[in-house]
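Student: Contents of entry_8.tsv (TSV, C-alpha atoms and all ligand atoms) are given next:
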chain	number	residue	atom	x	y	z
A	600	MET	CA	126.93	119.06	145.26
A	601	ALA	CA	126.46	120.85	148.55
A	602	LEU	CA	123.22	121.65	150.34
A	603	ASP	CA	123.53	125.32	149.37
A	604	ASP	CA	123.21	124.32	145.69
A	605	PHE	CA	119.63	123.21	146.40
A	606	LYS	CA	118.58	126.43	148.14
A	607	ASP	CA	116.10	127.40	145.42
A	608	VAL	CA	114.51	123.98	145.12
A	609	ILE	CA	114.03	123.70	148.88
A	610	HIS	CA	112.47	127.13	148.88
A	611	ARG	CA	110.06	126.18	146.08
A	612	CYS	CA	108.78	123.09	147.89
A	613	PHE	CA	105.22	123.98	148.90
A	614	ARG	CA	104.99	121.21	151.48
A	615	CYS	CA	101.73	120.42	149.72
A	616	GLY	CA	102.20	116.78	150.66
A	617	TYR	CA	101.28	115.03	147.40
A	618	CYS	CA	104.58	113.17	147.47
A	619	LYS	CA	103.72	111.07	150.50
A	620	PHE	CA	100.88	109.28	148.66
A	621	THR	CA	100.58	106.68	145.93
A	622	SER	CA	99.75	108.17	142.53
A	623	ASN	CA	96.00	107.57	143.05
A	624	TYR	CA	96.06	108.81	146.67
A	625	THR	CA	94.77	105.53	148.08
A	626	ASP	CA	97.64	105.08	150.55
A	627	PHE	CA	100.43	106.87	152.32
A	628	ASN	CA	103.46	105.53	150.44
A	629	CYS	CA	106.28	107.27	152.35
A	630	PRO	CA	107.18	104.58	154.91
A	631	PRO	CA	108.31	106.83	157.82
A	632	TYR	CA	105.32	109.14	157.39
A	633	ASN	CA	103.01	106.15	157.31
A	634	LYS	CA	104.58	104.85	160.51
A	635	PHE	CA	104.67	108.08	162.56
A	636	ARG	CA	101.91	110.19	160.89
A	637	LEU	CA	103.77	113.41	161.65
A	638	GLU	CA	104.47	115.96	158.91
A	639	THR	CA	108.12	116.23	159.99
A	640	PHE	CA	108.53	112.62	158.79
A	641	SER	CA	107.01	113.35	155.36
A	642	PRO	CA	109.16	114.36	152.35
A	643	GLY	CA	107.95	118.00	152.48
A	644	GLY	CA	108.51	118.10	156.25
A	645	ARG	CA	112.09	116.92	155.75
A	646	MET	CA	112.62	119.68	153.16
A	647	TRP	CA	111.31	122.22	155.68
A	648	LEU	CA	113.62	120.93	158.43
A	649	ILE	CA	116.65	120.82	156.16
A	650	ARG	CA	115.95	124.38	155.04
A	651	ALA	CA	115.67	125.47	158.68
A	652	MET	CA	118.99	123.74	159.43
A	653	MET	CA	120.58	125.41	156.40
A	654	LEU	CA	119.36	128.84	157.53
A	655	LYS	CA	120.56	128.03	161.07
A	656	ASP	CA	117.02	128.41	162.43
A	657	ILE	CA	117.49	125.02	164.07
A	658	GLU	CA	120.62	123.24	165.29
A	659	PRO	CA	121.55	119.68	164.35
A	660	SER	CA	120.25	117.34	167.07
A	661	GLN	CA	119.72	113.63	167.67
A	662	HIS	CA	115.99	114.11	167.13
A	663	LEU	CA	116.60	115.74	163.76
A	664	ALA	CA	119.02	112.89	162.94
A	665	ASP	CA	116.35	110.29	163.73
A	666	ILE	CA	113.89	112.08	161.45
A	667	LEU	CA	116.28	112.36	158.50
A	668	TYR	CA	117.72	108.86	158.93
A	669	SER	CA	114.22	107.33	159.03
A	670	CYS	CA	113.95	108.11	155.30
A	671	THR	CA	114.36	104.83	153.41
A	672	MET	CA	115.36	106.65	150.20
A	673	CYS	CA	112.50	104.77	148.53
A	674	ALA	CA	112.04	107.62	146.00
A	675	ASN	CA	108.24	107.57	146.13
A	676	CYS	CA	108.47	111.36	146.60
A	677	VAL	CA	110.66	111.62	143.46
A	678	GLU	CA	107.92	109.84	141.53
A	679	GLU	CA	105.01	111.78	143.01
A	680	CYS	CA	106.21	115.38	143.51
A	681	ARG	CA	103.69	117.53	141.66
A	682	PHE	CA	106.36	120.16	141.02
A	683	LYS	CA	108.69	117.61	139.42
A	684	PHE	CA	111.72	118.21	141.59
A	685	HIS	CA	112.80	114.69	140.55
A	686	ASP	CA	116.06	113.42	142.07
A	687	ASP	CA	116.62	116.76	143.79
A	688	ILE	CA	114.40	115.60	146.65
A	689	VAL	CA	116.48	112.52	147.53
A	690	ASP	CA	119.70	114.44	146.82
A	691	ILE	CA	118.59	117.11	149.30
A	692	ILE	CA	117.83	114.46	151.93
A	693	MET	CA	121.27	112.92	151.29
A	694	GLU	CA	122.90	116.35	151.66
A	695	GLY	CA	120.90	116.96	154.86
A	696	LYS	CA	122.34	113.75	156.29
A	697	ALA	CA	125.81	114.78	155.08
A	698	SER	CA	125.47	118.01	157.13
A	699	LEU	CA	124.60	115.91	160.17
A	700	VAL	CA	127.65	113.69	159.56
A	701	GLU	CA	129.80	116.84	159.43
A	702	SER	CA	128.40	118.06	162.72
A	703	GLY	CA	128.88	114.61	164.30
A	704	MET	CA	125.15	114.31	164.98
A	705	VAL	CA	124.11	110.94	163.52
A	706	PRO	CA	122.16	108.10	165.18
A	707	PRO	CA	124.58	105.86	167.16
A	708	THR	CA	123.63	102.88	164.97
A	709	ALA	CA	124.66	104.85	161.86
A	710	ARG	CA	127.97	105.81	163.49
A	711	ASP	CA	128.69	102.11	164.27
A	712	PHE	CA	127.75	101.19	160.71
A	713	PHE	CA	130.24	103.69	159.24
A	714	LYS	CA	132.98	102.58	161.63
A	715	ASN	CA	132.52	98.87	160.87
A	716	ILE	CA	132.53	99.46	157.12
A	717	TYR	CA	135.69	101.55	157.36
A	718	LEU	CA	137.55	99.08	159.56
A	719	SER	CA	136.24	95.75	158.24
A	720	GLY	CA	134.76	96.43	154.79
A	721	ASN	CA	131.33	95.18	155.93
A	722	PRO	CA	128.68	96.32	158.44
A	723	TRP	CA	129.12	93.45	160.94
A	724	LYS	CA	132.91	93.34	161.46
A	725	GLU	CA	133.02	89.93	159.78
A	726	PRO	CA	136.48	88.70	158.74
A	727	GLN	CA	137.39	89.80	155.23
A	728	GLN	CA	139.09	86.45	154.44
A	729	LYS	CA	135.75	84.65	154.97
A	730	ARG	CA	133.86	86.84	152.50
A	731	GLY	CA	133.98	84.30	149.68
A	732	ASP	CA	133.61	81.11	151.76
A	733	TRP	CA	129.92	80.65	150.89
A	734	ALA	CA	130.76	80.23	147.18
A	735	ARG	CA	132.88	77.05	147.56
A	736	HIS	CA	129.80	74.99	148.35
A	737	TYR	CA	128.35	75.92	144.94
A	738	GLY	CA	131.57	75.64	142.95
A	739	ILE	CA	131.39	79.33	142.04
A	740	PRO	CA	134.81	80.43	140.74
A	741	VAL	CA	136.94	83.45	141.59
A	742	TYR	CA	137.05	86.09	138.84
A	743	LYS	CA	140.06	86.08	136.53
A	744	PRO	CA	140.93	88.60	133.80
A	745	GLY	CA	139.23	87.56	130.56
A	746	ASP	CA	136.03	86.33	132.24
A	747	GLU	CA	132.95	87.93	130.72
A	748	TYR	CA	131.31	89.04	134.00
A	749	LEU	CA	132.42	89.99	137.46
A	750	TYR	CA	129.67	88.72	139.78
A	751	TYR	CA	129.51	91.35	142.55
A	752	VAL	CA	127.78	89.74	145.54
A	753	GLY	CA	127.79	92.46	148.22
A	754	CYS	CA	127.91	92.34	152.02
A	755	ILE	CA	124.53	90.72	152.77
A	756	GLY	CA	124.97	88.02	150.12
A	757	SER	CA	128.45	87.25	151.39
A	758	TYR	CA	127.71	86.95	155.11
A	759	ASP	CA	123.99	86.31	155.69
A	760	GLN	CA	123.23	82.57	155.62
A	761	ARG	CA	119.78	82.94	154.03
A	762	VAL	CA	120.99	85.35	151.37
A	763	GLN	CA	124.01	83.15	150.61
A	764	LYS	CA	121.45	80.66	149.20
A	765	MET	CA	120.07	83.41	146.97
A	766	ALA	CA	123.62	84.27	145.82
A	767	GLY	CA	124.29	80.57	145.26
A	768	ALA	CA	121.11	80.08	143.19
A	769	PHE	CA	122.10	82.83	140.77
A	770	GLY	CA	125.68	81.51	140.57
A	771	GLN	CA	124.37	78.05	139.74
A	772	LEU	CA	122.23	79.46	136.93
A	773	LEU	CA	125.29	81.22	135.47
A	774	LEU	CA	127.24	77.95	135.63
A	775	ARG	CA	124.40	76.13	133.86
A	776	ALA	CA	124.30	78.82	131.15
A	777	GLY	CA	128.04	78.29	130.57
A	778	LEU	CA	128.95	81.93	131.19
A	779	SER	CA	132.53	82.81	132.11
A	780	PHE	CA	132.34	84.72	135.37
A	781	GLY	CA	133.71	84.87	138.87
A	782	ILE	CA	133.42	86.61	142.23
A	783	LEU	CA	136.11	88.63	144.00
A	784	GLY	CA	135.79	86.53	147.16
A	785	GLU	CA	138.06	87.81	149.94
A	786	ASP	CA	138.99	90.81	147.77
A	787	GLU	CA	135.40	92.08	147.50
A	788	TYR	CA	134.57	95.22	149.47
A	789	CYS	CA	131.36	97.10	150.39
A	790	ASP	CA	129.88	98.91	147.33
A	791	GLY	CA	129.07	102.06	149.32
A	792	ASN	CA	125.45	102.67	148.25
A	793	GLU	CA	124.08	102.79	151.80
A	794	VAL	CA	127.09	104.79	153.00
A	795	LEU	CA	126.27	107.41	150.37
A	796	MET	CA	122.54	107.36	151.11
A	797	MET	CA	123.41	107.91	154.79
A	798	GLY	CA	125.49	110.99	153.99
A	799	GLU	CA	129.05	109.76	154.68
A	800	GLN	CA	130.41	111.16	151.44
A	801	GLY	CA	134.10	110.83	152.33
A	802	LEU	CA	133.75	107.15	153.21
A	803	PHE	CA	131.70	106.59	150.06
A	804	GLU	CA	134.44	108.07	147.86
A	805	TYR	CA	137.07	105.96	149.62
A	806	LEU	CA	135.05	102.75	149.00
A	807	ALA	CA	134.19	103.64	145.41
A	808	GLN	CA	137.82	104.47	144.56
A	809	LYS	CA	139.02	101.25	146.17
A	810	ASN	CA	136.52	99.19	144.15
A	811	ILE	CA	137.16	101.03	140.90
A	812	GLU	CA	140.94	100.55	141.23
A	813	LEU	CA	140.49	96.84	141.92
A	814	PHE	CA	138.06	96.35	139.01
A	815	LYS	CA	140.50	98.09	136.66
A	816	GLU	CA	143.46	96.10	137.95
A	817	ARG	CA	141.50	92.86	137.28
A	818	ARG	CA	140.51	94.15	133.82
A	819	VAL	CA	136.78	94.01	134.54
A	820	ASN	CA	134.43	95.24	131.80
A	821	LYS	CA	131.05	93.87	132.77
A	822	ILE	CA	129.60	93.59	136.26
A	823	VAL	CA	126.47	91.71	137.29
A	824	THR	CA	125.21	92.58	140.75
A	825	LEU	CA	123.04	90.56	143.12
A	826	SER	CA	121.79	93.69	144.85
A	827	PRO	CA	119.88	96.57	143.26
A	828	HIS	CA	121.69	98.85	145.75
A	829	ALA	CA	125.12	97.89	144.33
A	830	TYR	CA	123.65	98.14	140.83
A	831	ASN	CA	122.45	101.67	141.52
A	832	VAL	CA	125.70	102.99	142.91
A	833	MET	CA	127.97	101.28	140.37
A	834	ARG	CA	125.83	102.32	137.44
A	835	ASN	CA	124.95	105.86	138.49
A	836	LYS	CA	127.64	107.07	140.90
A	837	TYR	CA	130.89	105.29	140.00
A	838	PRO	CA	131.21	106.84	136.49
A	839	ARG	CA	131.84	110.35	137.84
A	840	LEU	CA	134.71	108.86	139.89
A	841	GLY	CA	136.26	107.21	136.83
A	842	GLY	CA	134.53	103.82	137.10
A	843	ASP	CA	132.81	103.37	133.76
A	844	PHE	CA	131.81	99.69	133.64
A	845	GLU	CA	128.87	97.96	132.00
A	846	VAL	CA	126.66	97.15	134.98
A	847	VAL	CA	123.58	94.93	134.93
A	848	HIS	CA	121.30	93.62	137.62
A	849	TYR	CA	121.02	89.85	137.78
A	850	THR	CA	117.37	89.87	136.67
A	851	GLU	CA	118.37	91.68	133.46
A	852	LEU	CA	121.03	89.06	132.76
A	853	LEU	CA	118.65	86.19	133.55
A	854	LYS	CA	116.10	87.65	131.16
A	855	GLU	CA	118.74	87.82	128.40
A	856	LEU	CA	120.01	84.28	129.08
A	857	ILE	CA	116.49	82.85	129.00
A	858	SER	CA	115.32	84.73	125.91
A	859	SER	CA	118.50	83.82	123.99
A	860	GLY	CA	117.99	80.15	124.87
A	861	ARG	CA	121.29	79.90	126.77
A	862	LEU	CA	119.33	79.02	129.88
A	863	LYS	CA	116.52	76.56	129.36
A	864	VAL	CA	113.71	76.74	131.89
A	865	PRO	CA	111.33	73.80	131.73
A	866	GLY	CA	107.96	73.86	133.46
A	867	GLY	CA	108.01	73.66	137.23
A	868	ARG	CA	105.26	73.02	139.73
A	869	LYS	CA	102.12	75.21	139.68
A	870	ILE	CA	102.64	78.17	142.01
A	871	LYS	CA	101.08	81.56	142.56
A	872	VAL	CA	103.75	84.24	142.87
A	873	THR	CA	103.58	87.92	143.71
A	874	TYR	CA	106.60	90.15	143.03
A	875	HIS	CA	107.85	92.86	145.38
A	876	ASP	CA	109.57	95.69	143.44
A	877	PRO	CA	112.82	96.79	145.13
A	878	CYS	CA	113.03	100.61	145.23
A	879	PHE	CA	116.60	100.68	143.89
A	880	LEU	CA	115.61	98.58	140.89
A	881	GLY	CA	112.15	100.06	140.25
A	882	ARG	CA	111.82	103.72	141.13
A	883	TRP	CA	115.57	104.46	141.09
A	884	ASN	CA	116.35	102.67	137.82
A	885	SER	CA	112.99	102.03	136.08
A	886	ILE	CA	113.46	98.25	135.92
A	887	TYR	CA	109.99	96.80	136.32
A	888	ASP	CA	109.55	94.42	133.39
A	889	GLU	CA	112.61	92.16	133.39
A	890	PRO	CA	111.99	90.53	136.79
A	891	ARG	CA	108.35	89.92	135.82
A	892	GLU	CA	109.35	88.52	132.41
A	893	VAL	CA	111.75	86.07	134.04
A	894	LEU	CA	109.03	84.88	136.42
A	895	GLU	CA	106.53	84.56	133.56
A	896	SER	CA	109.01	82.49	131.57
A	897	VAL	CA	108.67	79.75	134.17
A	898	ASP	CA	105.83	77.53	133.05
A	899	GLY	CA	103.62	76.88	136.08
A	900	VAL	CA	104.14	80.31	137.65
A	901	GLU	CA	101.00	82.41	137.91
A	902	LEU	CA	102.06	86.00	138.54
A	903	VAL	CA	99.63	88.06	140.62
A	904	GLU	CA	100.18	91.71	141.49
A	905	MET	CA	99.94	93.32	144.88
A	906	ARG	CA	97.61	96.31	145.21
A	907	ARG	CA	100.67	98.60	145.22
A	908	ASN	CA	103.11	97.62	142.51
A	909	ARG	CA	105.69	99.01	140.08
A	910	GLU	CA	105.99	102.84	140.53
A	911	ASN	CA	103.52	102.63	143.42
A	912	ALA	CA	105.20	99.74	145.24
A	913	PHE	CA	105.49	100.12	149.00
A	914	CYS	CA	109.09	99.97	150.26
A	915	CYS	CA	110.01	97.07	152.58
A	916	GLY	CA	111.61	99.60	154.94
A	917	GLY	CA	115.22	98.46	154.50
A	918	GLY	CA	116.64	101.20	152.28
A	919	GLY	CA	118.64	104.31	153.20
A	920	GLY	CA	120.43	102.35	155.93
A	921	ASN	CA	117.24	101.49	157.86
A	922	PHE	CA	118.21	97.84	157.41
A	923	TYR	CA	121.02	98.62	159.87
A	924	THR	CA	119.58	101.42	162.02
A	925	ASP	CA	116.04	99.97	162.25
A	926	ILE	CA	114.51	103.38	163.02
A	927	ILE	CA	111.12	102.51	161.49
A	928	GLY	CA	111.05	98.76	162.24
A	929	GLY	CA	109.03	96.97	164.90
A	930	GLY	CA	105.32	96.42	165.44
A	931	GLU	CA	102.38	96.00	163.12
A	932	SER	CA	103.05	99.29	161.36
A	933	SER	CA	106.57	98.35	160.30
A	934	PRO	CA	106.83	98.58	156.50
A	935	SER	CA	107.82	94.92	156.06
A	936	ARG	CA	104.76	93.70	158.00
A	937	ILE	CA	102.44	95.98	156.02
A	938	ARG	CA	103.99	94.68	152.80
A	939	VAL	CA	103.58	90.99	153.65
A	940	ARG	CA	99.93	91.57	154.64
A	941	GLU	CA	99.44	93.10	151.21
A	942	ALA	CA	101.15	90.10	149.62
A	943	ALA	CA	98.94	87.71	151.62
A	944	ASP	CA	95.84	89.46	150.23
A	945	THR	CA	96.79	88.25	146.74
A	946	GLY	CA	96.59	84.60	147.82
A	947	ALA	CA	100.16	84.03	146.60
A	948	ASP	CA	102.20	81.01	147.74
A	949	ILE	CA	105.46	82.87	147.24
A	950	ILE	CA	106.65	86.47	147.55
A	951	ALA	CA	109.34	86.82	144.91
A	952	VAL	CA	112.15	89.26	145.65
A	953	ALA	CA	115.14	90.48	143.65
A	954	CYS	CA	117.18	92.12	146.40
A	955	PRO	CA	119.10	90.77	149.42
A	956	THR	CA	117.80	93.60	151.65
A	957	CYS	CA	114.17	92.98	150.61
A	958	MET	CA	114.63	89.24	151.20
A	959	THR	CA	115.71	89.78	154.81
A	960	MET	CA	113.05	92.41	155.50
A	961	ILE	CA	110.23	90.38	153.94
A	962	GLU	CA	111.27	87.22	155.82
A	963	ASP	CA	111.21	89.22	159.07
A	964	GLY	CA	107.80	90.60	158.13
A	965	LEU	CA	106.45	87.09	157.49
A	966	LYS	CA	107.67	85.94	160.90
A	967	GLY	CA	106.21	89.04	162.58
A	968	GLU	CA	102.83	88.37	160.95
A	969	ASP	CA	102.97	84.62	161.71
A	970	LEU	CA	102.74	83.96	157.98
A	971	ASP	CA	106.09	82.21	157.55
A	972	GLU	CA	104.44	78.76	157.49
A	973	LYS	CA	101.90	79.88	154.85
A	974	ILE	CA	103.88	82.03	152.41
A	975	MET	CA	107.47	81.59	151.30
A	976	CYS	CA	109.87	84.33	150.36
A	977	ASN	CA	112.04	83.30	147.42
A	978	ASP	CA	114.39	85.17	145.22
A	979	ILE	CA	113.77	85.04	141.45
A	980	SER	CA	116.90	82.91	140.82
A	981	GLU	CA	115.71	80.38	143.39
A	982	ILE	CA	112.33	80.09	141.62
A	983	VAL	CA	114.01	79.56	138.23
A	984	LEU	CA	116.54	77.07	139.64
A	985	ASP	CA	113.80	75.16	141.43
A	986	ALA	CA	111.84	74.82	138.16
A	987	ILE	CA	114.95	73.48	136.39
A	988	THR	CA	115.99	71.02	139.09
A	989	SER	CA	112.47	69.71	139.77
A	990	ALA	CA	112.03	69.01	136.04
A	991	GLU	CA	115.35	67.16	136.01
A	992	GLU	CA	114.32	65.09	139.00
A	993	GLY	CA	111.10	64.21	137.15
B	1001	LIG	S1	108.46	117.77	147.45
B	1001	LIG	FE1	106.96	118.38	145.84
B	1001	LIG	S2	105.02	117.25	146.26
B	1001	LIG	FE2	106.38	117.09	148.10
B	1001	LIG	S3	105.68	118.71	149.48
B	1001	LIG	FE3	107.38	119.58	148.24
B	1001	LIG	S4	106.40	120.50	146.41
B	1001	LIG	FE4	104.83	119.18	147.40
B	1002	LIG	S1	112.53	108.84	149.80
B	1002	LIG	FE1	110.76	107.61	150.51
B	1002	LIG	S2	111.01	107.54	152.74
B	1002	LIG	FE2	112.29	109.24	152.00
B	1002	LIG	S3	110.98	111.05	152.14
B	1002	LIG	FE3	110.79	110.25	150.03
B	1002	LIG	S4	108.95	108.92	150.11
B	1002	LIG	FE4	109.61	109.26	152.26
Kindly transcribe the structure held in the file into structure tokens.

Tutor:
Amino acid sequence: MALDDFKDVIHRCFRCGYCKFTSNYTDFNCPPYNKFRLETFSPGGRMWLIRAMMLKDIEPSQHLADILYSCTMCANCVEECRFKFHDDIVDIIMEGKASLVESGMVPPTARDFFKNIYLSGNPWKEPQQKRGDWARHYGIPVYKPGDEYLYYVGCIGSYDQRVQKMAGAFGQLLLRAGLSFGILGEDEYCDGNEVLMMGEQGLFEYLAQKNIELFKERRVNKIVTLSPHAYNVMRNKYPRLGGDFEVVHYTELLKELISSGRLKVPGGRKIKVTYHDPCFLGRWNSIYDEPREVLESVDGVELVEMRRNRENAFCCGGGGGNFYTDIIGGGESSPSRIRVREAADTGADIIAVACPTCMTMIEDGLKGEDLDEKIMCNDISEIVLDAITSAEEG
């Protein structure tokens, strides 16, 4: 769709501002608005600016680019808009960014991101042939036709040392459950979710087509993703480009493996855990229960909720490409630091995450708040694996 297709919706937005709050109005839940406290950074303000750009009342500029690219695509506004514009709001913001891409007016960090993905298949210009190296340590196999699942790891899981452990923990659980699966290793390529959210539609289609062709060539039917971002784009955006695969997030598969008895989880040590809902799993795809059910299946885990949870969860600040551009990071008011303070209020020992982006953001937040010695950030697979291995060790 083009921006013009949303003309009526943009016009109907009252800029009433409900969408920047939690559902009970206790907090500002739009991360960039909360950080800058300027209406231009709120969802309604963005709609107003995009409309002005569409009507040529304002010209694309670097300042406008910073405002639009500060949106983390957390979808709180989709949830809270009193006029029920639903996905139109985030689609309009995406189209606004696409207009900026067309006019060549994007933040320099976004331009570098696009260039690196196009040239190297990942945001950091890492060598493609090293993409699967992390998996050897865990004995995780390469996918072959006939395997039940393709395990799609994604860029952060493939190259970030901390997240490689998260990717490894889930792989080890699949091995223990006896599932036939494999990764693409050096043939895996960026999924394109952030590229799309940042408005580079041509690059997104190129990546999606490349992945879809490869999946078909390898006769893939089922995909399990480590990242909710990959899950979102493969489940919701690939089908219209001919990529109709059965896609599940790893927490959904873990839940199924545990409830069917294929994965036995004995009691672990007693720990208090709070769960941070990733926006692309929660608000974008309504998956709130499965991650919690997996955590609750671990005897010894006491699950405590943060003040803002499920539909009202506060974004870690990493979505919509902010993980790479860092427009709203830094200082006490950065979303990740606010989120870890909220987690600390629960008295939890561990912040459980289910997303590579959240893991990195939350770990940064813990360091920024000097809480990294007091609270750990663990992915759900790591918590399950730890319960299994500590029971085995006696
Ligand atoms: S998007 Fe909806 S809730 Fe937000 S300002 Fe516009 S009309 Fe109001
Ligand atoms: S998607 Fe999130 S960050 Fe973007 S305008 Fe809506 S509430 Fe704000």

Student: Do you know which residues are at most 10 Å from A:Ala953 counting all atoms listed in the file, after dropping those on the same chain fewer than 2 positions away, and could you put them as a PDB file with C-alpha atoms, keeping the file's coordinate frame?

Tutor:
ATOM      1  CA  MET A 765     120.070  83.410 146.970  1.00  0.00           C
ATOM      2  CA  LEU A 825     123.040  90.560 143.120  1.00  0.00           C
ATOM      3  CA  SER A 826     121.790  93.690 144.850  1.00  0.00           C
ATOM      4  CA  PRO A 827     119.880  96.570 143.260  1.00  0.00           C
ATOM      5  CA  HIS A 848     121.300  93.620 137.620  1.00  0.00           C
ATOM      6  CA  TYR A 849     121.020  89.850 137.780  1.00  0.00           C
ATOM      7  CA  THR A 850     117.370  89.870 136.670  1.00  0.00           C
ATOM      8  CA  TYR A 874     106.600  90.150 143.030  1.00  0.00           C
ATOM      9  CA  HIS A 875     107.850  92.860 145.380  1.00  0.00           C
ATOM     10  CA  ASP A 876     109.570  95.690 143.440  1.00  0.00           C
ATOM     11  CA  PRO A 877     112.820  96.790 145.130  1.00  0.00           C
ATOM     12  CA  LEU A 880     115.610  98.580 140.890  1.00  0.00           C
ATOM     13  CA  PRO A 890     111.990  90.530 136.790  1.00  0.00           C
ATOM     14  CA  ALA A 951     109.340  86.820 144.910  1.00  0.00           C
ATOM     15  CA  PRO A 955     119.100  90.770 149.420  1.00  0.00           C
ATOM     16  CA  THR A 956     117.800  93.600 151.650  1.00  0.00           C
ATOM     17  CA  CYS A 957     114.170  92.980 150.610  1.00  0.00           C
ATOM     18  CA  MET A 958     114.630  89.240 151.200  1.00  0.00           C
ATOM     19  CA  ASN A 977     112.040  83.300 147.420  1.00  0.00           C
ATOM     20  CA  ASP A 978     114.390  85.170 145.220  1.00  0.00           C
ATOM     21  CA  ILE A 979     113.770  85.040 141.450  1.00  0.00           C
ATOM     22  CA  SER A 980     116.900  82.910 140.820  1.00  0.00           C
TER      23      SER A 980
END

Student: For a test of reading the model, state the distance in Å between atom CA of A:Met797 and atom CA of A:Arg636, rounded to one decimal.

Tutor: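 Computing the Euclidean distance for atom CA of A:Met797 and atom CA of A:Arg636 yields 22.5 Å.
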
Student: List the spatial neighbours of A:Cys618 as a PDB file with C-alpha atoms, in the frame of the given file - criterion: any atom at most 10 Å away, all atoms listed in the file, same-chain residues fewer than 3 positions off excluded.

Tutor:
ATOM      1  CA  ARG A 614     104.990 121.210 151.480  1.00  0.00           C
ATOM      2  CA  CYS A 615     101.730 120.420 149.720  1.00  0.00           C
ATOM      3  CA  THR A 621     100.580 106.680 145.930  1.00  0.00           C
ATOM      4  CA  SER A 622      99.750 108.170 142.530  1.00  0.00           C
ATOM      5  CA  TYR A 624      96.060 108.810 146.670  1.00  0.00           C
ATOM      6  CA  PHE A 627     100.430 106.870 152.320  1.00  0.00           C
ATOM      7  CA  ASN A 628     103.460 105.530 150.440  1.00  0.00           C
ATOM      8  CA  CYS A 629     106.280 107.270 152.350  1.00  0.00           C
ATOM      9  CA  SER A 641     107.010 113.350 155.360  1.00  0.00           C
ATOM     10  CA  PRO A 642     109.160 114.360 152.350  1.00  0.00           C
ATOM     11  CA  GLY A 643     107.950 118.000 152.480  1.00  0.00           C
ATOM     12  CA  ALA A 674     112.040 107.620 146.000  1.00  0.00           C
ATOM     13  CA  ASN A 675     108.240 107.570 146.130  1.00  0.00           C
ATOM     14  CA  CYS A 676     108.470 111.360 146.600  1.00  0.00           C
ATOM     15  CA  VAL A 677     110.660 111.620 143.460  1.00  0.00           C
ATOM     16  CA  GLU A 678     107.920 109.840 141.530  1.00  0.00           C
ATOM     17  CA  GLU A 679     105.010 111.780 143.010  1.00  0.00           C
ATOM     18  CA  CYS A 680     106.210 115.380 143.510  1.00  0.00           C
ATOM     19  CA  ARG A 681     103.690 117.530 141.660  1.00  0.00           C
ATOM     20  CA  PHE A 682     106.360 120.160 141.020  1.00  0.00           C
TER      21      PHE A 682
END

Student: Using all atoms listed in the file, determine which residues lie at most 8 Å from A:Ala943, disregarding the query and same-chain residues fewer than 4 positions distant; provide the list as a list in words.

Tutor: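 Close residues of A:Ala943: Val939, Ala947 and Ile974 of chain A.
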
Student: Contacts of A:Lys821 at 10 Å or less, counting only C-alpha atoms, minus same-chain residues fewer than 5 places along, as a tab-separated table (two decimals) with C-alpha atoms, in the coordinates of the input?

Tutor:
chain	number	residue	atom	x	y	z
A	746	ASP	CA	136.03	86.33	132.24
A	747	GLU	CA	132.95	87.93	130.72
A	748	TYR	CA	131.31	89.04	134.00
A	749	LEU	CA	132.42	89.99	137.46
A	750	TYR	CA	129.67	88.72	139.78
A	780	PHE	CA	132.34	84.72	135.37
A	814	PHE	CA	138.06	96.35	139.01
A	843	ASP	CA	132.81	103.37	133.76
A	844	PHE	CA	131.81	99.69	133.64
A	845	GLU	CA	128.87	97.96	132.00
A	846	VAL	CA	126.66	97.15	134.98
A	847	VAL	CA	123.58	94.93	134.93

Student: Of the residues A:Gln760, A:Asn810, A:Thr708, A:Asn921, which is the one nearest to ligand LIG 1002 (chain B), using only C-alpha atoms and all ligand atoms?

Tutor: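 Under the stated criterion, the closest residue is A:Asn921.
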
Student: If you take every atom of ligand LIG 1002 (chain B) that the file lists and fit an axis-aligned box around them with 4 Å extra on each side, what centre and edge lengths come out in Å to one decimal, as JSON?

Tutor:
{"center_x": 110.7, "center_y": 109.3, "center_z": 151.3, "size_x": 11.6, "size_y": 11.5, "size_z": 10.9}

Student: For a test of reading the model, state the distance in Å between atom CA of A:Asn835 and atom CA of A:Ser757, rounded to one decimal.

Tutor: 22.9 Å

Student: Could you please give me, as a ChimeraX atom specification, the residues of protein, DNA or RNA lying at most 8 Å from (98.4, 89.5, 148.3) in the coordinate frame of the file, considering all atoms listed in the file?

Tutor: /A:873,903-906,939-947

Student: Choose the residue, out of A:Ile691, A:Ile950, A:Met672, A:Leu663, that has the smallest atom-to-atom separation from A:Val608; count all atoms listed in the file.

Tutor: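 Nearest to A:Val608: A:Ile691.
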
Student: Can you work out which one of A:Leu840, A:Cys612, A:Ile987, A:Leu602 has the shortest atom-to-atom distance to A:Lys863, counting only C-alpha atoms?

Tutor: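 For A:Lys863, the nearest of the candidates is A:Ile987.
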
Student: Compile the contact shell of A:Ser896 as a PyMOL selection string: residues with an atom at most 12 Å away, counting only C-alpha atoms, same-chain residues fewer than 6 positions apart removed.

Tutor: chain A and resi 853-858+860+862-867+889-890+902+979+982-983+986-987

Student: Have a look at A:Asp626, A:Glu992, A:Glu892, A:Asp607 and name the one nearest to ligand LIG 1002 (chain B); count all atoms listed in the file.

Tutor: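 Looking only at the distances to ligand LIG 1002 (chain B), the closest residue turns out to be A:Asp626.
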
Student: Which of these, A:Asp790, A:Val752, A:Tyr632, A:Leu813, has the shortest distance to A:Met833 once you count only C-alpha atoms?

Tutor: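 With only C-alpha atoms as the atom set, the closest residue is A:Asp790.
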
Student: What is the atom CA of A:Leu852-atom CA of A:Leu778 distance in Å, reported with one decimal?

Tutor: 10.8 Å
